[in-house]
$ cat coords03.txt   # compact mmCIF, N, CA and C atoms
# COMPACT_ATOMS: atom_id res chain seq x y z
N ARG E 1 0.20 31.48 -0.18
CA ARG E 1 1.52 31.71 0.38
C ARG E 1 1.48 31.93 1.89
N ALA E 2 0.32 31.74 2.46
CA ALA E 2 0.20 31.89 3.90
C ALA E 2 1.05 30.82 4.59
N PRO E 3 1.63 31.16 5.73
CA PRO E 3 2.49 30.19 6.43
C PRO E 3 1.78 28.86 6.73
N GLU E 4 0.51 28.92 7.09
CA GLU E 4 -0.20 27.66 7.39
C GLU E 4 -0.40 26.81 6.13
N THR E 5 -0.55 27.44 4.99
CA THR E 5 -0.67 26.70 3.73
C THR E 5 0.67 26.05 3.39
N ARG E 6 1.73 26.80 3.54
CA ARG E 6 3.06 26.24 3.29
C ARG E 6 3.32 25.05 4.21
N ARG E 7 2.97 25.18 5.46
CA ARG E 7 3.19 24.11 6.44
C ARG E 7 2.38 22.87 6.05
N LEU E 8 1.15 23.07 5.61
CA LEU E 8 0.30 21.96 5.19
C LEU E 8 0.93 21.23 4.00
N VAL E 9 1.40 21.99 3.02
CA VAL E 9 2.02 21.39 1.84
C VAL E 9 3.26 20.59 2.25
N VAL E 10 4.08 21.16 3.11
CA VAL E 10 5.28 20.46 3.58
C VAL E 10 4.89 19.18 4.31
N ASP E 11 3.88 19.26 5.19
CA ASP E 11 3.45 18.08 5.94
C ASP E 11 2.92 16.99 5.02
N VAL E 12 2.14 17.37 4.02
CA VAL E 12 1.59 16.39 3.08
C VAL E 12 2.71 15.74 2.28
N LEU E 13 3.62 16.54 1.78
CA LEU E 13 4.73 15.99 1.00
C LEU E 13 5.63 15.09 1.85
N LEU E 14 5.82 15.45 3.10
CA LEU E 14 6.61 14.60 4.00
C LEU E 14 5.89 13.27 4.24
N HIS E 15 4.58 13.32 4.42
CA HIS E 15 3.82 12.09 4.61
C HIS E 15 3.88 11.21 3.35
N ILE E 16 3.76 11.84 2.20
CA ILE E 16 3.87 11.07 0.94
C ILE E 16 5.24 10.42 0.85
N ALA E 17 6.27 11.15 1.20
CA ALA E 17 7.62 10.57 1.17
C ALA E 17 7.71 9.38 2.12
N ASP E 18 7.04 9.49 3.27
CA ASP E 18 7.09 8.42 4.26
C ASP E 18 6.44 7.13 3.76
N ILE E 19 5.42 7.26 2.93
CA ILE E 19 4.71 6.07 2.42
C ILE E 19 5.00 5.83 0.94
N SER E 20 6.07 6.41 0.46
CA SER E 20 6.34 6.38 -0.99
C SER E 20 6.83 5.05 -1.52
N ASN E 21 7.13 4.08 -0.64
CA ASN E 21 7.62 2.80 -1.15
C ASN E 21 6.65 2.17 -2.14
N SER E 22 5.34 2.39 -1.94
CA SER E 22 4.38 1.79 -2.87
C SER E 22 4.29 2.53 -4.21
N MET E 23 5.03 3.61 -4.34
CA MET E 23 5.04 4.36 -5.60
C MET E 23 6.34 4.16 -6.37
N LYS E 24 7.21 3.35 -5.84
CA LYS E 24 8.50 3.08 -6.48
C LYS E 24 8.35 1.91 -7.46
N PRO E 25 9.31 1.74 -8.36
CA PRO E 25 9.29 0.54 -9.20
C PRO E 25 9.15 -0.69 -8.30
N PHE E 26 8.46 -1.72 -8.79
CA PHE E 26 8.07 -2.83 -7.93
C PHE E 26 9.25 -3.49 -7.23
N ARG E 27 10.38 -3.62 -7.89
CA ARG E 27 11.51 -4.29 -7.23
C ARG E 27 11.93 -3.54 -5.98
N ILE E 28 11.83 -2.22 -5.97
CA ILE E 28 12.14 -1.41 -4.79
C ILE E 28 10.97 -1.46 -3.81
N CYS E 29 9.78 -1.35 -4.34
CA CYS E 29 8.57 -1.42 -3.53
C CYS E 29 8.55 -2.69 -2.69
N ARG E 30 8.87 -3.81 -3.30
CA ARG E 30 8.85 -5.10 -2.61
C ARG E 30 9.89 -5.16 -1.50
N ILE E 31 11.08 -4.64 -1.76
CA ILE E 31 12.13 -4.63 -0.74
C ILE E 31 11.68 -3.82 0.47
N TRP E 32 11.16 -2.63 0.24
CA TRP E 32 10.72 -1.79 1.35
C TRP E 32 9.54 -2.41 2.08
N ALA E 33 8.61 -2.98 1.35
CA ALA E 33 7.46 -3.62 2.00
C ALA E 33 7.93 -4.76 2.90
N THR E 34 8.88 -5.53 2.42
CA THR E 34 9.42 -6.64 3.21
C THR E 34 10.06 -6.11 4.49
N GLN E 35 10.82 -5.03 4.38
CA GLN E 35 11.47 -4.45 5.56
C GLN E 35 10.45 -3.90 6.56
N VAL E 36 9.44 -3.21 6.06
CA VAL E 36 8.41 -2.65 6.94
C VAL E 36 7.63 -3.77 7.63
N LEU E 37 7.25 -4.78 6.86
CA LEU E 37 6.52 -5.90 7.45
C LEU E 37 7.37 -6.63 8.49
N GLU E 38 8.65 -6.76 8.23
CA GLU E 38 9.52 -7.41 9.22
C GLU E 38 9.54 -6.61 10.52
N GLU E 39 9.53 -5.31 10.41
CA GLU E 39 9.48 -4.46 11.61
C GLU E 39 8.18 -4.73 12.39
N TYR E 40 7.07 -4.81 11.67
CA TYR E 40 5.78 -5.14 12.32
C TYR E 40 5.83 -6.53 12.96
N PHE E 41 6.41 -7.48 12.25
CA PHE E 41 6.46 -8.85 12.76
C PHE E 41 7.33 -8.94 14.02
N LEU E 42 8.41 -8.18 14.05
CA LEU E 42 9.24 -8.15 15.26
C LEU E 42 8.44 -7.60 16.45
N GLN E 43 7.61 -6.60 16.17
CA GLN E 43 6.73 -6.06 17.21
C GLN E 43 5.75 -7.16 17.66
N GLY E 44 5.20 -7.90 16.70
CA GLY E 44 4.29 -8.99 17.02
C GLY E 44 4.98 -10.09 17.81
N ASP E 45 6.21 -10.40 17.46
CA ASP E 45 6.97 -11.39 18.20
C ASP E 45 7.13 -10.96 19.66
N ALA E 46 7.42 -9.67 19.85
CA ALA E 46 7.57 -9.14 21.21
C ALA E 46 6.24 -9.20 21.96
N GLU E 47 5.14 -8.89 21.25
CA GLU E 47 3.81 -8.96 21.88
C GLU E 47 3.51 -10.40 22.33
N LYS E 48 3.81 -11.36 21.47
CA LYS E 48 3.60 -12.78 21.83
C LYS E 48 4.42 -13.15 23.05
N LYS E 49 5.67 -12.72 23.06
CA LYS E 49 6.57 -13.05 24.17
C LYS E 49 6.06 -12.47 25.49
N LEU E 50 5.43 -11.30 25.40
CA LEU E 50 4.89 -10.67 26.60
C LEU E 50 3.51 -11.23 26.99
N GLY E 51 2.93 -12.03 26.08
CA GLY E 51 1.62 -12.61 26.36
C GLY E 51 0.47 -11.64 26.16
N VAL E 52 0.70 -10.60 25.40
CA VAL E 52 -0.38 -9.65 25.10
C VAL E 52 -0.93 -9.95 23.71
N PRO E 53 -2.16 -9.50 23.43
CA PRO E 53 -2.73 -9.76 22.11
C PRO E 53 -1.85 -9.16 21.00
N VAL E 54 -1.68 -9.92 19.95
CA VAL E 54 -0.86 -9.48 18.81
C VAL E 54 -1.76 -8.70 17.86
N GLN E 55 -1.34 -7.50 17.51
CA GLN E 55 -2.11 -6.69 16.57
C GLN E 55 -2.16 -7.38 15.21
N ALA E 56 -3.23 -7.14 14.48
CA ALA E 56 -3.52 -7.87 13.24
C ALA E 56 -2.36 -7.90 12.25
N LEU E 57 -1.75 -6.79 11.96
CA LEU E 57 -0.68 -6.75 10.96
C LEU E 57 0.68 -7.17 11.51
N ASN E 58 0.73 -7.52 12.78
CA ASN E 58 2.01 -7.85 13.41
C ASN E 58 2.27 -9.35 13.53
N ASP E 59 1.33 -10.16 13.10
CA ASP E 59 1.47 -11.61 13.27
C ASP E 59 2.02 -12.25 12.00
N ARG E 60 3.28 -12.60 12.03
CA ARG E 60 3.96 -13.14 10.85
C ARG E 60 3.34 -14.45 10.38
N GLU E 61 2.65 -15.15 11.25
CA GLU E 61 2.04 -16.43 10.89
C GLU E 61 0.68 -16.27 10.23
N LYS E 62 0.09 -15.09 10.33
CA LYS E 62 -1.25 -14.89 9.79
C LYS E 62 -1.33 -13.89 8.65
N VAL E 63 -0.38 -12.97 8.58
CA VAL E 63 -0.44 -11.91 7.58
C VAL E 63 -0.07 -12.44 6.20
N ASN E 64 -0.93 -12.19 5.24
CA ASN E 64 -0.60 -12.46 3.85
C ASN E 64 0.05 -11.19 3.32
N ARG E 65 1.33 -11.28 3.05
CA ARG E 65 2.11 -10.08 2.72
C ARG E 65 1.56 -9.33 1.49
N ALA E 66 1.30 -10.05 0.43
CA ALA E 66 0.81 -9.40 -0.79
C ALA E 66 -0.56 -8.76 -0.56
N PHE E 67 -1.43 -9.48 0.12
CA PHE E 67 -2.77 -8.97 0.41
C PHE E 67 -2.68 -7.71 1.27
N SER E 68 -1.77 -7.72 2.24
CA SER E 68 -1.62 -6.54 3.10
C SER E 68 -1.17 -5.32 2.31
N GLN E 69 -0.33 -5.54 1.30
CA GLN E 69 0.16 -4.42 0.50
C GLN E 69 -0.91 -3.84 -0.40
N VAL E 70 -1.78 -4.70 -0.92
CA VAL E 70 -2.92 -4.18 -1.70
C VAL E 70 -3.77 -3.31 -0.80
N GLY E 71 -4.04 -3.77 0.42
CA GLY E 71 -4.83 -2.97 1.36
C GLY E 71 -4.15 -1.67 1.73
N PHE E 72 -2.84 -1.71 1.94
CA PHE E 72 -2.08 -0.50 2.26
C PHE E 72 -2.23 0.52 1.14
N ILE E 73 -2.08 0.06 -0.09
CA ILE E 73 -2.22 0.95 -1.25
C ILE E 73 -3.65 1.46 -1.35
N GLU E 74 -4.59 0.56 -1.23
CA GLU E 74 -6.00 0.90 -1.44
C GLU E 74 -6.54 1.86 -0.39
N PHE E 75 -6.22 1.62 0.88
CA PHE E 75 -6.86 2.37 1.95
C PHE E 75 -6.02 3.48 2.55
N LEU E 76 -4.71 3.42 2.43
CA LEU E 76 -3.87 4.45 3.04
C LEU E 76 -3.17 5.35 2.02
N VAL E 77 -2.58 4.76 1.01
CA VAL E 77 -1.77 5.56 0.09
C VAL E 77 -2.62 6.25 -0.97
N SER E 78 -3.47 5.49 -1.65
CA SER E 78 -4.20 6.06 -2.79
C SER E 78 -5.11 7.24 -2.43
N PRO E 79 -5.86 7.22 -1.31
CA PRO E 79 -6.70 8.39 -1.04
C PRO E 79 -5.88 9.68 -0.94
N LEU E 80 -4.74 9.62 -0.27
CA LEU E 80 -3.90 10.81 -0.16
C LEU E 80 -3.31 11.18 -1.52
N LEU E 81 -2.78 10.20 -2.21
CA LEU E 81 -2.12 10.48 -3.48
C LEU E 81 -3.10 10.99 -4.53
N PHE E 82 -4.30 10.43 -4.57
CA PHE E 82 -5.31 10.90 -5.54
C PHE E 82 -5.69 12.35 -5.26
N THR E 83 -5.76 12.71 -3.99
CA THR E 83 -6.09 14.09 -3.63
C THR E 83 -4.96 15.03 -4.01
N VAL E 84 -3.73 14.62 -3.72
CA VAL E 84 -2.57 15.45 -4.06
C VAL E 84 -2.46 15.60 -5.57
N LEU E 85 -2.84 14.59 -6.30
CA LEU E 85 -2.77 14.65 -7.77
C LEU E 85 -3.60 15.80 -8.34
N LYS E 86 -4.69 16.14 -7.67
CA LYS E 86 -5.53 17.26 -8.12
C LYS E 86 -4.76 18.58 -8.06
N VAL E 87 -3.87 18.70 -7.07
CA VAL E 87 -3.13 19.94 -6.87
C VAL E 87 -1.77 19.90 -7.56
N LEU E 88 -1.19 18.70 -7.62
CA LEU E 88 0.14 18.53 -8.21
C LEU E 88 0.09 17.48 -9.33
N PRO E 89 -0.41 17.86 -10.50
CA PRO E 89 -0.51 16.90 -11.61
C PRO E 89 0.79 16.18 -11.96
N PRO E 90 1.98 16.76 -11.71
CA PRO E 90 3.20 16.00 -12.01
C PRO E 90 3.35 14.71 -11.19
N MET E 91 2.50 14.52 -10.19
CA MET E 91 2.53 13.28 -9.39
C MET E 91 1.90 12.11 -10.15
N GLU E 92 1.39 12.35 -11.32
CA GLU E 92 0.66 11.32 -12.04
C GLU E 92 1.49 10.06 -12.29
N ASN E 93 2.76 10.22 -12.62
CA ASN E 93 3.58 9.03 -12.86
C ASN E 93 3.70 8.17 -11.61
N HIS E 94 3.68 8.79 -10.43
CA HIS E 94 3.71 8.04 -9.17
C HIS E 94 2.40 7.28 -8.95
N VAL E 95 1.30 7.92 -9.34
CA VAL E 95 0.00 7.26 -9.21
C VAL E 95 -0.07 6.06 -10.15
N GLU E 96 0.43 6.22 -11.35
CA GLU E 96 0.42 5.11 -12.31
C GLU E 96 1.27 3.95 -11.78
N GLN E 97 2.42 4.25 -11.18
CA GLN E 97 3.25 3.19 -10.61
C GLN E 97 2.54 2.53 -9.43
N LEU E 98 1.85 3.32 -8.64
CA LEU E 98 1.09 2.79 -7.51
C LEU E 98 0.05 1.78 -7.98
N ILE E 99 -0.68 2.12 -9.02
CA ILE E 99 -1.70 1.22 -9.57
C ILE E 99 -1.04 -0.05 -10.11
N LEU E 100 0.05 0.13 -10.81
CA LEU E 100 0.79 -1.03 -11.34
C LEU E 100 1.27 -1.93 -10.21
N ASN E 101 1.77 -1.34 -9.13
CA ASN E 101 2.23 -2.12 -7.99
C ASN E 101 1.08 -2.88 -7.33
N ALA E 102 -0.08 -2.24 -7.23
CA ALA E 102 -1.25 -2.94 -6.66
C ALA E 102 -1.58 -4.16 -7.50
N LYS E 103 -1.52 -4.00 -8.81
CA LYS E 103 -1.80 -5.14 -9.70
C LYS E 103 -0.73 -6.22 -9.56
N THR E 104 0.51 -5.82 -9.38
CA THR E 104 1.58 -6.80 -9.21
C THR E 104 1.43 -7.54 -7.88
N TRP E 105 1.10 -6.80 -6.81
CA TRP E 105 0.84 -7.46 -5.53
C TRP E 105 -0.32 -8.44 -5.67
N HIS E 106 -1.31 -8.07 -6.45
CA HIS E 106 -2.44 -8.96 -6.69
C HIS E 106 -1.97 -10.26 -7.31
N GLN E 107 -1.09 -10.16 -8.30
CA GLN E 107 -0.57 -11.37 -8.94
C GLN E 107 0.21 -12.24 -7.94
N HIS E 108 0.99 -11.59 -7.09
CA HIS E 108 1.71 -12.33 -6.06
C HIS E 108 0.74 -13.01 -5.10
N TRP E 109 -0.33 -12.31 -4.76
CA TRP E 109 -1.35 -12.88 -3.88
C TRP E 109 -1.95 -14.13 -4.52
N LEU E 110 -2.24 -14.05 -5.81
CA LEU E 110 -2.83 -15.19 -6.52
C LEU E 110 -1.88 -16.39 -6.55
N THR E 111 -0.60 -16.14 -6.78
CA THR E 111 0.34 -17.24 -6.97
C THR E 111 0.99 -17.74 -5.68
N ASP E 112 1.12 -16.87 -4.67
CA ASP E 112 1.86 -17.24 -3.46
C ASP E 112 0.99 -17.68 -2.29
N THR E 113 -0.30 -17.43 -2.36
CA THR E 113 -1.17 -17.74 -1.23
C THR E 113 -1.40 -19.24 -1.14
N ASP E 114 -1.21 -19.75 0.08
CA ASP E 114 -1.40 -21.19 0.31
C ASP E 114 -2.23 -21.37 1.57
N PRO E 115 -3.42 -21.90 1.46
CA PRO E 115 -4.06 -22.43 0.26
C PRO E 115 -4.47 -21.29 -0.67
N PRO E 116 -4.65 -21.59 -1.94
CA PRO E 116 -5.01 -20.55 -2.91
C PRO E 116 -6.32 -19.86 -2.54
N PRO E 117 -6.46 -18.59 -2.92
CA PRO E 117 -7.71 -17.87 -2.64
C PRO E 117 -8.89 -18.55 -3.32
N SER E 118 -10.04 -18.43 -2.70
CA SER E 118 -11.26 -18.98 -3.29
C SER E 118 -11.65 -18.14 -4.51
N ASP E 119 -12.53 -18.66 -5.31
CA ASP E 119 -13.01 -17.90 -6.48
C ASP E 119 -13.69 -16.62 -6.03
N ALA E 120 -14.43 -16.68 -4.93
CA ALA E 120 -15.10 -15.48 -4.42
C ALA E 120 -14.07 -14.44 -3.97
N ASP E 121 -13.01 -14.90 -3.30
CA ASP E 121 -11.95 -13.98 -2.88
C ASP E 121 -11.24 -13.37 -4.08
N LYS E 122 -10.99 -14.19 -5.09
CA LYS E 122 -10.35 -13.69 -6.31
C LYS E 122 -11.22 -12.62 -6.96
N GLU E 123 -12.51 -12.89 -7.04
CA GLU E 123 -13.42 -11.93 -7.65
C GLU E 123 -13.49 -10.64 -6.83
N GLY E 124 -13.50 -10.79 -5.51
CA GLY E 124 -13.53 -9.62 -4.64
C GLY E 124 -12.29 -8.75 -4.81
N MET E 125 -11.14 -9.37 -4.89
CA MET E 125 -9.89 -8.62 -5.07
C MET E 125 -9.87 -7.95 -6.45
N LYS E 126 -10.35 -8.66 -7.43
CA LYS E 126 -10.40 -8.09 -8.79
C LYS E 126 -11.29 -6.83 -8.80
N GLU E 127 -12.40 -6.90 -8.09
CA GLU E 127 -13.32 -5.76 -7.99
C GLU E 127 -12.66 -4.60 -7.25
N ARG E 128 -11.93 -4.89 -6.19
CA ARG E 128 -11.23 -3.84 -5.45
C ARG E 128 -10.22 -3.12 -6.35
N LEU E 129 -9.49 -3.88 -7.15
CA LEU E 129 -8.52 -3.27 -8.05
C LEU E 129 -9.20 -2.48 -9.16
N ARG E 130 -10.33 -2.97 -9.63
CA ARG E 130 -11.09 -2.23 -10.65
C ARG E 130 -11.54 -0.89 -10.08
N LYS E 131 -12.03 -0.89 -8.85
CA LYS E 131 -12.46 0.36 -8.21
C LYS E 131 -11.30 1.32 -8.02
N LEU E 132 -10.15 0.79 -7.63
CA LEU E 132 -8.96 1.62 -7.46
C LEU E 132 -8.57 2.27 -8.79
N GLN E 133 -8.56 1.49 -9.84
CA GLN E 133 -8.23 2.00 -11.17
C GLN E 133 -9.25 3.07 -11.59
N ASN E 134 -10.51 2.82 -11.35
CA ASN E 134 -11.56 3.79 -11.73
C ASN E 134 -11.46 5.08 -10.94
N LYS E 135 -11.11 5.00 -9.64
CA LYS E 135 -10.93 6.22 -8.85
C LYS E 135 -9.83 7.07 -9.47
N TYR E 136 -8.76 6.42 -9.89
CA TYR E 136 -7.66 7.14 -10.53
C TYR E 136 -8.14 7.79 -11.83
N LEU E 137 -8.85 7.04 -12.62
CA LEU E 137 -9.32 7.58 -13.91
C LEU E 137 -10.32 8.72 -13.72
N ASP E 138 -11.03 8.73 -12.60
CA ASP E 138 -11.99 9.80 -12.30
C ASP E 138 -11.28 11.10 -11.94
N TYR E 139 -10.02 11.00 -11.52
CA TYR E 139 -9.28 12.22 -11.16
C TYR E 139 -8.75 12.79 -12.43
$ encode --input "coords03.txt" --output "structure tokens"
Amino acid sequence: RAPETRRLVVDVLLHIADISNSMKPFRICRIWATQVLEEYFLQGDAEKKLGVPVQALNDREKVNRAFSQVGFIEFLVSPLLFTVLKVLPPMENHVEQLILNAKTWHQHWLTDTDPPPSDADKEGMKERLRKLQNKYLDY
């Protein structure tokens, strides 16, 4: 109940709320991801116009949207959410939705990528999702 503990909990919950689009039902998750990516792409468009290097996630011509969302879930959202799950077990349904969304993004990556991913890339992504699922099961 120390003030610094309360502040930490509030900060963590606020951060989770900020990145919560990947924990929503997929139809909502996809809408928010599209909006966020468009914001990044507009930044990239401005960078191109200014003649400065375009940051990796800001280039609408190079970013694979589904692939980027799997990475967002895998590297940014899940580590925080898995840790919070230890303290707040009621968050489990959000973690389950997160895993489901990663799998759905994976399916979109498989079907929407042109040219299609190589067999090695497919296997690599499958392994990444397996590891993500196992990390969740380990909690």
$ residues_around --input "coords03.txt" --residues "Ser22 of chain E" --least-positions-apart "2" --cutoff "6.5 Å" --atoms "only N, CA and C atoms" --output "number ranges by chain"
E: 19-20, 24, 29, 97-98, 101
$ closest_residue --input "coords03.txt" --among "E:Arg1, E:His108, E:Arg130, E:Arg7" --to "Phe67 of chain E" --atoms "all atoms listed in the file"
E:His108
$ atom_distance --input "coords03.txt" --atom1 "atom N of Arg60 of chain E" --atom2 "atom CA of Phe41 of chain E"
5.0 Å
$ atom_distance --input "coords03.txt" --atom1 "atom N of Trp105 of chain E" --atom2 "atom CA of Gln35 of chain E"
16.3 Å
$ closest_residue --input "coords03.txt" --among "E:Lys48, E:Ala102, E:Trp32, E:Glu96" --to "Ile73 of chain E" --atoms "all atoms listed in the file"
E:Ala102
$ build_atoms --input "coords03.txt" --residues "segment 73-85 of chain E" --atoms "N, CA, C and O atoms" --output "PDB file, keeping the file's coordinate frame"
ATOM      1  N   ILE E  73      -2.080   0.060  -0.090  1.00  0.00           N
ATOM      2  CA  ILE E  73      -2.220   0.950  -1.250  1.00  0.00           C
ATOM      3  C   ILE E  73      -3.650   1.460  -1.350  1.00  0.00           C
ATOM      4  O   ILE E  73      -3.887   2.663  -1.531  1.00  0.00           O
ATOM      5  N   GLU E  74      -4.590   0.560  -1.230  1.00  0.00           N
ATOM      6  CA  GLU E  74      -6.000   0.900  -1.440  1.00  0.00           C
ATOM      7  C   GLU E  74      -6.540   1.860  -0.390  1.00  0.00           C
ATOM      8  O   GLU E  74      -7.254   2.817  -0.720  1.00  0.00           O
ATOM      9  N   PHE E  75      -6.220   1.620   0.880  1.00  0.00           N
ATOM     10  CA  PHE E  75      -6.860   2.370   1.950  1.00  0.00           C
ATOM     11  C   PHE E  75      -6.020   3.480   2.550  1.00  0.00           C
ATOM     12  O   PHE E  75      -6.578   4.427   3.117  1.00  0.00           O
ATOM     13  N   LEU E  76      -4.710   3.420   2.430  1.00  0.00           N
ATOM     14  CA  LEU E  76      -3.870   4.450   3.040  1.00  0.00           C
ATOM     15  C   LEU E  76      -3.170   5.350   2.020  1.00  0.00           C
ATOM     16  O   LEU E  76      -3.164   6.569   2.169  1.00  0.00           O
ATOM     17  N   VAL E  77      -2.580   4.760   1.010  1.00  0.00           N
ATOM     18  CA  VAL E  77      -1.770   5.560   0.090  1.00  0.00           C
ATOM     19  C   VAL E  77      -2.620   6.250  -0.970  1.00  0.00           C
ATOM     20  O   VAL E  77      -2.511   7.454  -1.183  1.00  0.00           O
ATOM     21  N   SER E  78      -3.470   5.490  -1.650  1.00  0.00           N
ATOM     22  CA  SER E  78      -4.200   6.060  -2.790  1.00  0.00           C
ATOM     23  C   SER E  78      -5.110   7.240  -2.430  1.00  0.00           C
ATOM     24  O   SER E  78      -5.144   8.211  -3.188  1.00  0.00           O
ATOM     25  N   PRO E  79      -5.860   7.220  -1.310  1.00  0.00           N
ATOM     26  CA  PRO E  79      -6.700   8.390  -1.040  1.00  0.00           C
ATOM     27  C   PRO E  79      -5.880   9.680  -0.940  1.00  0.00           C
ATOM     28  O   PRO E  79      -6.287  10.712  -1.492  1.00  0.00           O
ATOM     29  N   LEU E  80      -4.740   9.620  -0.270  1.00  0.00           N
ATOM     30  CA  LEU E  80      -3.900  10.810  -0.160  1.00  0.00           C
ATOM     31  C   LEU E  80      -3.310  11.180  -1.520  1.00  0.00           C
ATOM     32  O   LEU E  80      -3.360  12.332  -1.947  1.00  0.00           O
ATOM     33  N   LEU E  81      -2.780  10.200  -2.210  1.00  0.00           N
ATOM     34  CA  LEU E  81      -2.120  10.480  -3.480  1.00  0.00           C
ATOM     35  C   LEU E  81      -3.100  10.990  -4.530  1.00  0.00           C
ATOM     36  O   LEU E  81      -2.778  11.899  -5.296  1.00  0.00           O
ATOM     37  N   PHE E  82      -4.300  10.430  -4.570  1.00  0.00           N
ATOM     38  CA  PHE E  82      -5.310  10.900  -5.540  1.00  0.00           C
ATOM     39  C   PHE E  82      -5.690  12.350  -5.260  1.00  0.00           C
ATOM     40  O   PHE E  82      -5.915  13.128  -6.185  1.00  0.00           O
ATOM     41  N   THR E  83      -5.760  12.710  -3.990  1.00  0.00           N
ATOM     42  CA  THR E  83      -6.090  14.090  -3.630  1.00  0.00           C
ATOM     43  C   THR E  83      -4.960  15.030  -4.010  1.00  0.00           C
ATOM     44  O   THR E  83      -5.184  16.096  -4.586  1.00  0.00           O
ATOM     45  N   VAL E  84      -3.730  14.620  -3.720  1.00  0.00           N
ATOM     46  CA  VAL E  84      -2.570  15.450  -4.060  1.00  0.00           C
ATOM     47  C   VAL E  84      -2.460  15.600  -5.570  1.00  0.00           C
ATOM     48  O   VAL E  84      -2.075  16.672  -6.062  1.00  0.00           O
ATOM     49  N   LEU E  85      -2.840  14.590  -6.300  1.00  0.00           N
ATOM     50  CA  LEU E  85      -2.770  14.650  -7.770  1.00  0.00           C
ATOM     51  C   LEU E  85      -3.600  15.800  -8.340  1.00  0.00           C
ATOM     52  O   LEU E  85      -3.222  16.405  -9.335  1.00  0.00           O
TER      53      LEU E  85
END
